[in-house]
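Below is query04.tsv, which holds TSV, C-alpha atoms.
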chain	number	residue	atom	x	y	z
A	1	MET	CA	90.35	-55.36	-31.27
A	2	HIS	CA	93.25	-54.38	-33.48
A	3	ILE	CA	94.56	-50.82	-33.22
A	4	ASN	CA	96.18	-49.51	-36.38
A	5	LEU	CA	97.95	-46.15	-36.22
A	6	ASN	CA	99.75	-46.46	-39.54
A	7	GLY	CA	100.20	-43.05	-41.16
A	8	ARG	CA	99.75	-41.16	-37.88
A	9	ASN	CA	102.42	-38.85	-36.46
A	10	ALA	CA	102.72	-38.81	-32.68
A	11	LEU	CA	104.63	-36.41	-30.45
A	12	VAL	CA	105.29	-37.67	-26.92
A	13	LEU	CA	106.71	-35.11	-24.51
A	14	GLY	CA	108.94	-36.58	-21.81
A	15	GLY	CA	109.07	-39.79	-23.80
A	16	ASN	CA	112.58	-40.94	-22.94
A	17	LYS	CA	111.72	-42.96	-19.82
A	18	GLY	CA	108.98	-44.24	-17.53
A	19	ILE	CA	105.37	-43.73	-18.51
A	20	GLY	CA	106.29	-41.46	-21.41
A	21	PHE	CA	108.59	-44.05	-22.97
A	22	GLY	CA	105.98	-46.75	-22.47
A	23	ILE	CA	103.42	-44.66	-24.38
A	24	ALA	CA	105.92	-43.87	-27.13
A	25	ARG	CA	106.75	-47.56	-27.50
A	26	GLY	CA	103.08	-48.54	-27.57
A	27	LEU	CA	102.23	-45.97	-30.24
A	28	SER	CA	105.21	-47.08	-32.32
A	29	GLU	CA	104.20	-50.73	-32.06
A	30	ALA	CA	100.71	-49.74	-33.27
A	31	GLY	CA	102.27	-48.25	-36.41
A	32	ALA	CA	102.59	-44.54	-35.62
A	33	HIS	CA	105.65	-42.51	-36.51
A	34	VAL	CA	106.76	-41.34	-33.06
A	35	ILE	CA	108.74	-38.27	-32.08
A	36	LEU	CA	109.73	-38.29	-28.42
A	37	THR	CA	111.40	-35.61	-26.36
A	38	SER	CA	113.61	-35.26	-23.34
A	39	ARG	CA	115.37	-32.29	-21.79
A	40	SER	CA	118.58	-33.97	-22.97
A	41	LEU	CA	118.97	-34.54	-26.72
A	42	SER	CA	121.27	-37.51	-26.14
A	43	ASP	CA	118.72	-39.13	-23.80
A	44	ALA	CA	115.94	-38.54	-26.33
A	45	GLU	CA	117.95	-40.00	-29.19
A	46	ALA	CA	119.00	-43.03	-27.15
A	47	ALA	CA	115.41	-43.79	-26.17
A	48	ALA	CA	114.14	-43.20	-29.70
A	49	ALA	CA	116.70	-45.59	-31.15
A	50	LYS	CA	115.21	-48.42	-29.09
A	51	ILE	CA	111.82	-48.14	-30.80
A	52	GLY	CA	112.60	-46.74	-34.24
A	53	ALA	CA	111.42	-43.24	-33.33
A	54	THR	CA	112.86	-39.73	-33.62
A	55	GLY	CA	114.37	-38.04	-30.57
A	56	LEU	CA	114.36	-34.30	-29.98
A	57	ALA	CA	115.26	-32.06	-27.05
A	58	CYS	CA	112.61	-30.05	-25.22
A	59	ASP	CA	112.41	-28.55	-21.75
A	60	THR	CA	108.75	-27.61	-21.22
A	61	GLY	CA	109.86	-25.16	-18.54
A	62	SER	CA	111.81	-23.12	-21.11
A	63	PRO	CA	109.79	-20.92	-23.53
A	64	ASP	CA	112.70	-20.91	-25.97
A	65	SER	CA	112.93	-24.70	-25.93
A	66	VAL	CA	109.19	-25.09	-26.47
A	67	GLY	CA	109.39	-22.58	-29.31
A	68	ALA	CA	112.15	-24.57	-30.96
A	69	LEU	CA	110.08	-27.75	-30.74
A	70	CYS	CA	107.08	-25.96	-32.24
A	71	ALA	CA	109.26	-24.88	-35.16
A	72	ALA	CA	110.48	-28.45	-35.62
A	73	MET	CA	106.89	-29.75	-35.70
A	74	ASP	CA	106.11	-27.39	-38.57
A	75	LYS	CA	108.53	-29.46	-40.66
A	76	VAL	CA	106.81	-32.80	-39.96
A	77	GLN	CA	105.10	-33.92	-43.15
A	78	GLY	CA	101.40	-34.31	-42.49
A	79	GLY	CA	101.58	-32.56	-39.12
A	80	ILE	CA	101.00	-34.02	-35.67
A	81	ASP	CA	98.00	-36.32	-35.27
A	82	ILE	CA	98.60	-37.45	-31.68
A	83	LEU	CA	100.02	-35.22	-28.95
A	84	VAL	CA	100.92	-36.67	-25.55
A	85	LEU	CA	101.42	-33.99	-22.91
A	86	ASN	CA	103.68	-35.53	-20.30
A	87	SER	CA	105.79	-33.36	-18.03
A	88	GLY	CA	108.17	-34.38	-15.30
A	89	GLY	CA	106.76	-34.39	-11.80
A	90	PRO	CA	107.78	-31.70	-9.33
A	91	PRO	CA	109.77	-32.54	-6.20
A	92	PRO	CA	107.79	-34.09	-3.33
A	93	GLY	CA	106.95	-31.80	-0.45
A	94	SER	CA	104.28	-30.31	1.78
A	95	ALA	CA	102.05	-27.36	0.89
A	96	MET	CA	103.72	-24.93	3.29
A	97	GLY	CA	106.86	-22.98	2.53
A	98	ILE	CA	107.11	-23.47	-1.23
A	99	SER	CA	108.93	-20.50	-2.75
A	100	SER	CA	107.33	-18.26	-5.35
A	101	ASP	CA	110.13	-19.15	-7.76
A	102	GLN	CA	109.35	-22.86	-7.38
A	103	TRP	CA	105.64	-22.26	-8.01
A	104	ARG	CA	106.40	-20.24	-11.16
A	105	ALA	CA	108.90	-22.75	-12.52
A	106	SER	CA	106.55	-25.68	-11.90
A	107	PHE	CA	103.58	-23.91	-13.48
A	108	GLU	CA	105.65	-23.06	-16.55
A	109	SER	CA	106.82	-26.64	-17.08
A	110	MET	CA	103.64	-28.47	-16.03
A	111	PHE	CA	101.05	-26.16	-17.58
A	112	VAL	CA	102.16	-23.22	-19.74
A	113	GLY	CA	104.66	-25.16	-21.88
A	114	LEU	CA	102.18	-27.99	-22.47
A	115	VAL	CA	99.30	-25.71	-23.42
A	116	ARG	CA	101.53	-23.76	-25.78
A	117	MET	CA	102.50	-26.98	-27.56
A	118	ALA	CA	98.87	-28.02	-27.89
A	119	ASP	CA	97.90	-24.60	-29.24
A	120	HIS	CA	100.58	-24.95	-31.88
A	121	VAL	CA	99.44	-28.31	-33.28
A	122	LEU	CA	95.68	-27.78	-32.91
A	123	PRO	CA	95.17	-25.79	-36.15
A	124	GLY	CA	96.55	-28.70	-38.17
A	125	MET	CA	94.35	-31.20	-36.34
A	126	ARG	CA	91.26	-29.07	-36.87
A	127	ALA	CA	92.03	-28.64	-40.55
A	128	LYS	CA	92.21	-32.44	-40.97
A	129	ASN	CA	89.11	-32.97	-38.81
A	130	HIS	CA	91.10	-35.44	-36.76
A	131	GLY	CA	93.38	-35.27	-33.73
A	132	ARG	CA	94.15	-36.77	-30.37
A	133	ILE	CA	95.49	-34.86	-27.36
A	134	LEU	CA	96.31	-36.89	-24.25
A	135	SER	CA	97.43	-35.40	-20.94
A	136	VAL	CA	99.25	-37.59	-18.44
A	137	ILE	CA	98.09	-36.20	-15.11
A	138	SER	CA	97.94	-37.69	-11.60
A	139	SER	CA	95.39	-39.34	-9.37
A	140	GLY	CA	96.02	-36.28	-7.18
A	141	VAL	CA	93.57	-34.30	-9.32
A	142	ILE	CA	90.82	-36.53	-7.90
A	143	GLU	CA	92.20	-37.25	-4.43
A	144	PRO	CA	95.21	-35.13	-3.33
A	145	ILE	CA	98.27	-37.23	-2.58
A	146	PRO	CA	100.10	-36.52	0.69
A	147	ASN	CA	103.52	-34.87	0.30
A	148	LEU	CA	102.90	-33.93	-3.38
A	149	ALA	CA	101.52	-30.42	-2.90
A	150	ILE	CA	102.80	-28.87	-6.14
A	151	SER	CA	101.42	-31.66	-8.28
A	152	ASN	CA	98.11	-31.59	-6.39
A	153	ALA	CA	97.79	-27.87	-7.10
A	154	ILE	CA	98.94	-27.55	-10.72
A	155	ARG	CA	97.72	-30.71	-12.45
A	156	PRO	CA	94.04	-29.84	-11.78
A	157	ALA	CA	94.62	-26.65	-13.80
A	158	LEU	CA	95.67	-28.79	-16.77
A	159	THR	CA	92.58	-30.95	-16.30
A	160	GLY	CA	90.30	-27.91	-16.30
A	161	TRP	CA	91.94	-26.68	-19.50
A	162	MET	CA	91.59	-30.15	-21.04
A	163	LYS	CA	87.87	-30.36	-20.37
A	164	THR	CA	87.24	-26.85	-21.68
A	165	LEU	CA	89.23	-27.51	-24.84
A	166	ALA	CA	87.51	-30.86	-25.39
A	167	ASN	CA	84.13	-29.13	-25.55
A	168	GLU	CA	85.46	-26.53	-28.01
A	169	VAL	CA	86.94	-28.92	-30.60
A	170	ALA	CA	84.80	-32.07	-30.31
A	171	LYS	CA	82.80	-31.29	-33.47
A	172	GLU	CA	86.03	-30.98	-35.42
A	173	GLY	CA	87.11	-34.56	-34.81
A	174	VAL	CA	89.67	-33.71	-32.14
A	175	THR	CA	89.46	-35.54	-28.82
A	176	VAL	CA	91.11	-34.32	-25.64
A	177	ASN	CA	91.48	-36.69	-22.70
A	178	ALA	CA	93.55	-37.18	-19.57
A	179	ILE	CA	94.98	-40.36	-18.10
A	180	ALA	CA	95.46	-40.60	-14.36
A	181	PRO	CA	98.01	-43.15	-13.19
A	182	GLY	CA	97.81	-44.81	-9.85
A	183	ARG	CA	101.01	-46.29	-8.50
A	184	ILE	CA	102.84	-47.32	-11.66
A	185	GLU	CA	106.28	-48.89	-11.23
A	186	THR	CA	108.64	-46.16	-12.50
A	187	ASP	CA	111.67	-44.18	-11.36
A	188	ARG	CA	109.26	-41.39	-10.40
A	189	LEU	CA	107.39	-43.73	-8.06
A	190	LEU	CA	110.70	-44.81	-6.55
A	191	GLN	CA	111.47	-41.13	-5.87
A	192	ILE	CA	108.09	-40.65	-4.16
A	193	ASP	CA	108.40	-43.82	-2.09
A	194	THR	CA	111.92	-42.85	-1.04
A	195	ALA	CA	110.75	-39.38	0.02
A	196	ASN	CA	107.89	-40.89	2.03
A	197	ALA	CA	110.21	-43.40	3.68
A	198	THR	CA	112.52	-40.58	4.76
A	199	LYS	CA	109.69	-38.36	5.98
A	200	GLN	CA	108.01	-41.16	7.93
A	201	SER	CA	111.25	-42.79	9.16
A	202	LYS	CA	110.22	-46.12	7.66
A	203	SER	CA	111.89	-48.64	5.38
A	204	MET	CA	111.11	-48.83	1.68
A	205	ASP	CA	109.57	-52.27	2.21
A	206	GLU	CA	107.19	-50.82	4.79
A	207	ILE	CA	106.22	-47.94	2.52
A	208	ARG	CA	105.59	-50.21	-0.46
A	209	ALA	CA	103.62	-52.74	1.58
A	210	ALA	CA	101.40	-50.02	3.00
A	211	ALA	CA	100.84	-48.55	-0.46
A	212	MET	CA	99.93	-51.88	-2.00
A	213	ALA	CA	97.52	-52.58	0.85
A	214	ARG	CA	95.51	-49.54	-0.31
A	215	ILE	CA	95.28	-50.84	-3.89
A	216	PRO	CA	92.46	-53.34	-4.47
A	217	ALA	CA	94.56	-55.07	-7.15
A	218	GLY	CA	97.20	-55.61	-4.45
A	219	ARG	CA	100.19	-54.49	-6.52
A	220	TYR	CA	101.76	-51.63	-8.44
A	221	GLY	CA	100.84	-51.26	-12.09
A	222	THR	CA	103.21	-51.65	-15.00
A	223	VAL	CA	104.18	-49.08	-17.60
A	224	ASP	CA	102.77	-51.31	-20.36
A	225	GLU	CA	99.39	-51.45	-18.66
A	226	PHE	CA	99.27	-47.67	-18.51
A	227	ALA	CA	100.50	-47.27	-22.08
A	228	ALA	CA	97.76	-49.57	-23.39
A	229	ALA	CA	95.12	-47.09	-22.23
A	230	ALA	CA	96.94	-44.25	-23.99
A	231	VAL	CA	97.23	-46.19	-27.24
A	232	PHE	CA	93.50	-46.91	-27.18
A	233	LEU	CA	92.64	-43.24	-26.60
A	234	ALA	CA	94.87	-42.35	-29.57
A	235	SER	CA	93.00	-44.74	-31.85
A	236	ASP	CA	90.01	-44.30	-34.13
A	237	GLN	CA	88.10	-46.71	-31.88
A	238	ALA	CA	88.10	-44.03	-29.15
A	239	SER	CA	86.65	-41.30	-31.37
A	240	PHE	CA	83.56	-40.84	-29.13
A	241	MET	CA	85.60	-40.43	-25.94
A	242	THR	CA	86.57	-36.87	-25.10
A	243	GLY	CA	86.83	-34.64	-22.04
A	244	SER	CA	87.37	-37.71	-19.86
A	245	ILE	CA	89.81	-38.72	-17.15
A	246	VAL	CA	90.71	-42.38	-17.58
A	247	ARG	CA	92.07	-44.01	-14.44
A	248	VAL	CA	94.73	-46.70	-14.58
A	249	ASP	CA	95.08	-47.30	-10.86
A	250	GLY	CA	94.16	-50.86	-9.90
A	251	GLY	CA	91.02	-49.51	-8.22
A	252	GLN	CA	92.98	-47.32	-5.78
A	253	ILE	CA	91.07	-44.04	-6.21
A	254	ALA	CA	88.09	-44.24	-3.88
A	255	SER	CA	86.11	-41.36	-5.38
A	256	THR	CA	83.31	-42.30	-7.81
A	257	MET	CA	83.66	-38.98	-9.68
What is this file in structure tokens?
Amino acid sequence: MHINLNGRNALVLGGNKGIGFGIARGLSEAGAHVILTSRSLSDAEAAAAKIGATGLACDTGSPDSVGALCAAMDKVQGGIDILVLNSGGPPPGSAMGISSDQWRASFESMFVGLVRMADHVLPGMRAKNHGRILSVISSGVIEPIPNLAISNAIRPALTGWMKTLANEVAKEGVTVNAIAPGRIETDRLLQIDTANATKQSKSMDEIRAAAMARIPAGRYGTVDEFAAAAVFLASDQASFMTGSIVRVDGGQIASTM
């Protein structure tokens, strides 16, 4: 199957590294014109230069920054066809003792800013009777992950929004899906493994070995493997898939739902 995204404009939030960069690269290789963002303009531009994309600054936790990105998208000829909602993960930690300020900041960056961006590009998608919205979530929406309380609490809100929106715009040619990564080899996973090693007083090798033992595939996934699922969901071939959570986890999530 050949995926051709020629003529499509894609906006990838948090696209300067890790999973976000992998998706941006995959979309670009499939022919899309890609705009990727980072909180740092220099980081966004450096990442974009590697794949022939455009780099812009955006902090999804800042209403002003999101507003500026919305204004920039109004100038994109043809509008945005593919929107990838990918926010940075919150710091690891238990459910107890999280400050109200931390909850508010995380909700703004992981939910409010993303939904606002989607609301801004949706009218253009609906007018063209075509659009793709992809949310990068977490396997924690299906099975909560120990020591990731903020993510476990907020990402399900984005998933509920995604499913509701999918039902509202399906007849207008707009699909809305989420992709749940398992343990994908990124800097974010290194941060999580390091936090777990510290909390459990274990070595990194012990933490990684224990994690891999719980994955039927017996290894961590790669960014390219995750990005391939995103590129497919962005394609015309996936036009009958909407309101779904696609798992890229090596079989790790035990739940059948």
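Using only C-alpha atoms, the shortest contact distance between Glu143 of chain A and any of A:Ile80, A:Ala180, A:Leu27, A:Ala230 is found at A:Ala180.
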Atom-to-atom span, atom CA of Val115 of chain A and atom CA of Gly250 of chain A, Å
29.0 Å
Please provide as a short mmCIF file (atom, residue, chain, number, x, y, z; two decimals) with C-alpha atoms, in the frame of the given file all residues within 6 Å of segment 49-53 of chain A, with the sequence filter that same-chain residues fewer than 3 positions apart are discarded (counting only C-alpha atoms).
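As a result, around.cif now contains:
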data_model
loop_
_atom_site.label_atom_id
_atom_site.label_comp_id
_atom_site.auth_asym_id
_atom_site.auth_seq_id
_atom_site.Cartn_x
_atom_site.Cartn_y
_atom_site.Cartn_z
CA VAL A 34 106.76 -41.34 -33.06
CA ILE A 35 108.74 -38.27 -32.08
CA ALA A 46 119.00 -43.03 -27.15
#
From atom CA of Thr60 of chain A to atom CA of Leu41 of chain A the spacing works out at 13.5 Å
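Compared by their closest atoms to Gly173 of chain A, and using only C-alpha atoms, the residues A:Ala227, A:Ala238, A:Ala72, A:Leu148 rank with A:Ala238 nearest.
Using all atoms listed in the file, the protein and nucleic acid residues lying no more than 9 Å from Ala217 of chain A, apart from those fewer than 4 places from it along its own chain, are Met212, Ala213, Gly221, Asp249, Gly250, Gly251 and Gln252 of chain A.
The smallest atom-to-atom distance between Ala48 of chain A and any of A:Met96, A:Ile150, A:Ala24, A:Ile184, using all atoms listed in the file, is found for A:Ala24.
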With a distance cut-off of 12 Å and all atoms listed in the file, select the neighbouring residues of Val174 of chain A, excluding the residue or stretch itself and same-chain residues fewer than 6 positions from it, and output the selection as a short mmCIF file (atom, residue, chain, number, x, y, z; two decimals) with C-alpha atoms, keeping the file's coordinate frame.
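Once everything was written out, this is selection.cif:
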data_model
loop_
_atom_site.label_atom_id
_atom_site.label_comp_id
_atom_site.auth_asym_id
_atom_site.auth_seq_id
_atom_site.Cartn_x
_atom_site.Cartn_y
_atom_site.Cartn_z
CA ILE A 80 101.00 -34.02 -35.67
CA ASP A 81 98.00 -36.32 -35.27
CA ILE A 82 98.60 -37.45 -31.68
CA LEU A 83 100.02 -35.22 -28.95
CA ALA A 118 98.87 -28.02 -27.89
CA VAL A 121 99.44 -28.31 -33.28
CA LEU A 122 95.68 -27.78 -32.91
CA PRO A 123 95.17 -25.79 -36.15
CA GLY A 124 96.55 -28.70 -38.17
CA MET A 125 94.35 -31.20 -36.34
CA ARG A 126 91.26 -29.07 -36.87
CA ALA A 127 92.03 -28.64 -40.55
CA LYS A 128 92.21 -32.44 -40.97
CA ASN A 129 89.11 -32.97 -38.81
CA HIS A 130 91.10 -35.44 -36.76
CA GLY A 131 93.38 -35.27 -33.73
CA ARG A 132 94.15 -36.77 -30.37
CA ILE A 133 95.49 -34.86 -27.36
CA LEU A 134 96.31 -36.89 -24.25
CA MET A 162 91.59 -30.15 -21.04
CA LEU A 165 89.23 -27.51 -24.84
CA ALA A 166 87.51 -30.86 -25.39
CA ASN A 167 84.13 -29.13 -25.55
CA GLU A 168 85.46 -26.53 -28.01
CA LEU A 233 92.64 -43.24 -26.60
CA ALA A 234 94.87 -42.35 -29.57
CA SER A 235 93.00 -44.74 -31.85
CA ASP A 236 90.01 -44.30 -34.13
CA ALA A 238 88.10 -44.03 -29.15
CA SER A 239 86.65 -41.30 -31.37
CA PHE A 240 83.56 -40.84 -29.13
CA MET A 241 85.60 -40.43 -25.94
CA THR A 242 86.57 -36.87 -25.10
CA GLY A 243 86.83 -34.64 -22.04
#
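The space separating atom CA of Val169 of chain A from atom CA of Asp59 of chain A comes to 27.0 Å.
The shortest atom-to-atom distance to Gly160 of chain A, with all atoms listed in the file taken into account, belongs to A:Phe111 out of A:Asp43, A:Phe111, A:Ala195, A:Ser99.
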Using all atoms listed in the file, which of A:Val112, A:Leu85, A:Ala211, A:Ala95 sits nearest Ser151 of chain A?
A:Ala95
Nearby residues (all atoms listed in the file) at most 8 Å from Ala178 of chain A, same-chain spacing under 4 positions excluded, as JSON, numbers by chain
{"A": [134, 135, 136, 137, 159, 162, 243, 244, 245, 246]}
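Here the question is which of A:Ala30, A:Ala44, A:Leu189, A:Ile23 gets nearest to Met1 of chain A using all atoms listed in the file, and that residue is A:Ala30.
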Using the file's own x, y and z axes, what box holds all listed atoms of segment 208-224 of chain A with 4 Å on each side, keeping edges along x, y and z, and what are its centre and edge lengths in Å to one decimal, as lines of an AutoDock Vina configuration file?
center_x = 99.0
center_y = -52.1
center_z = -8.7
size_x = 21.1
size_y = 15.1
size_z = 31.4
Long-range neighbours of Asp64 of chain A as a PyMOL selection string, 10 Å cut-off, all atoms listed in the file, 6 positions minimum in chain
chain A and resi 58+70+113
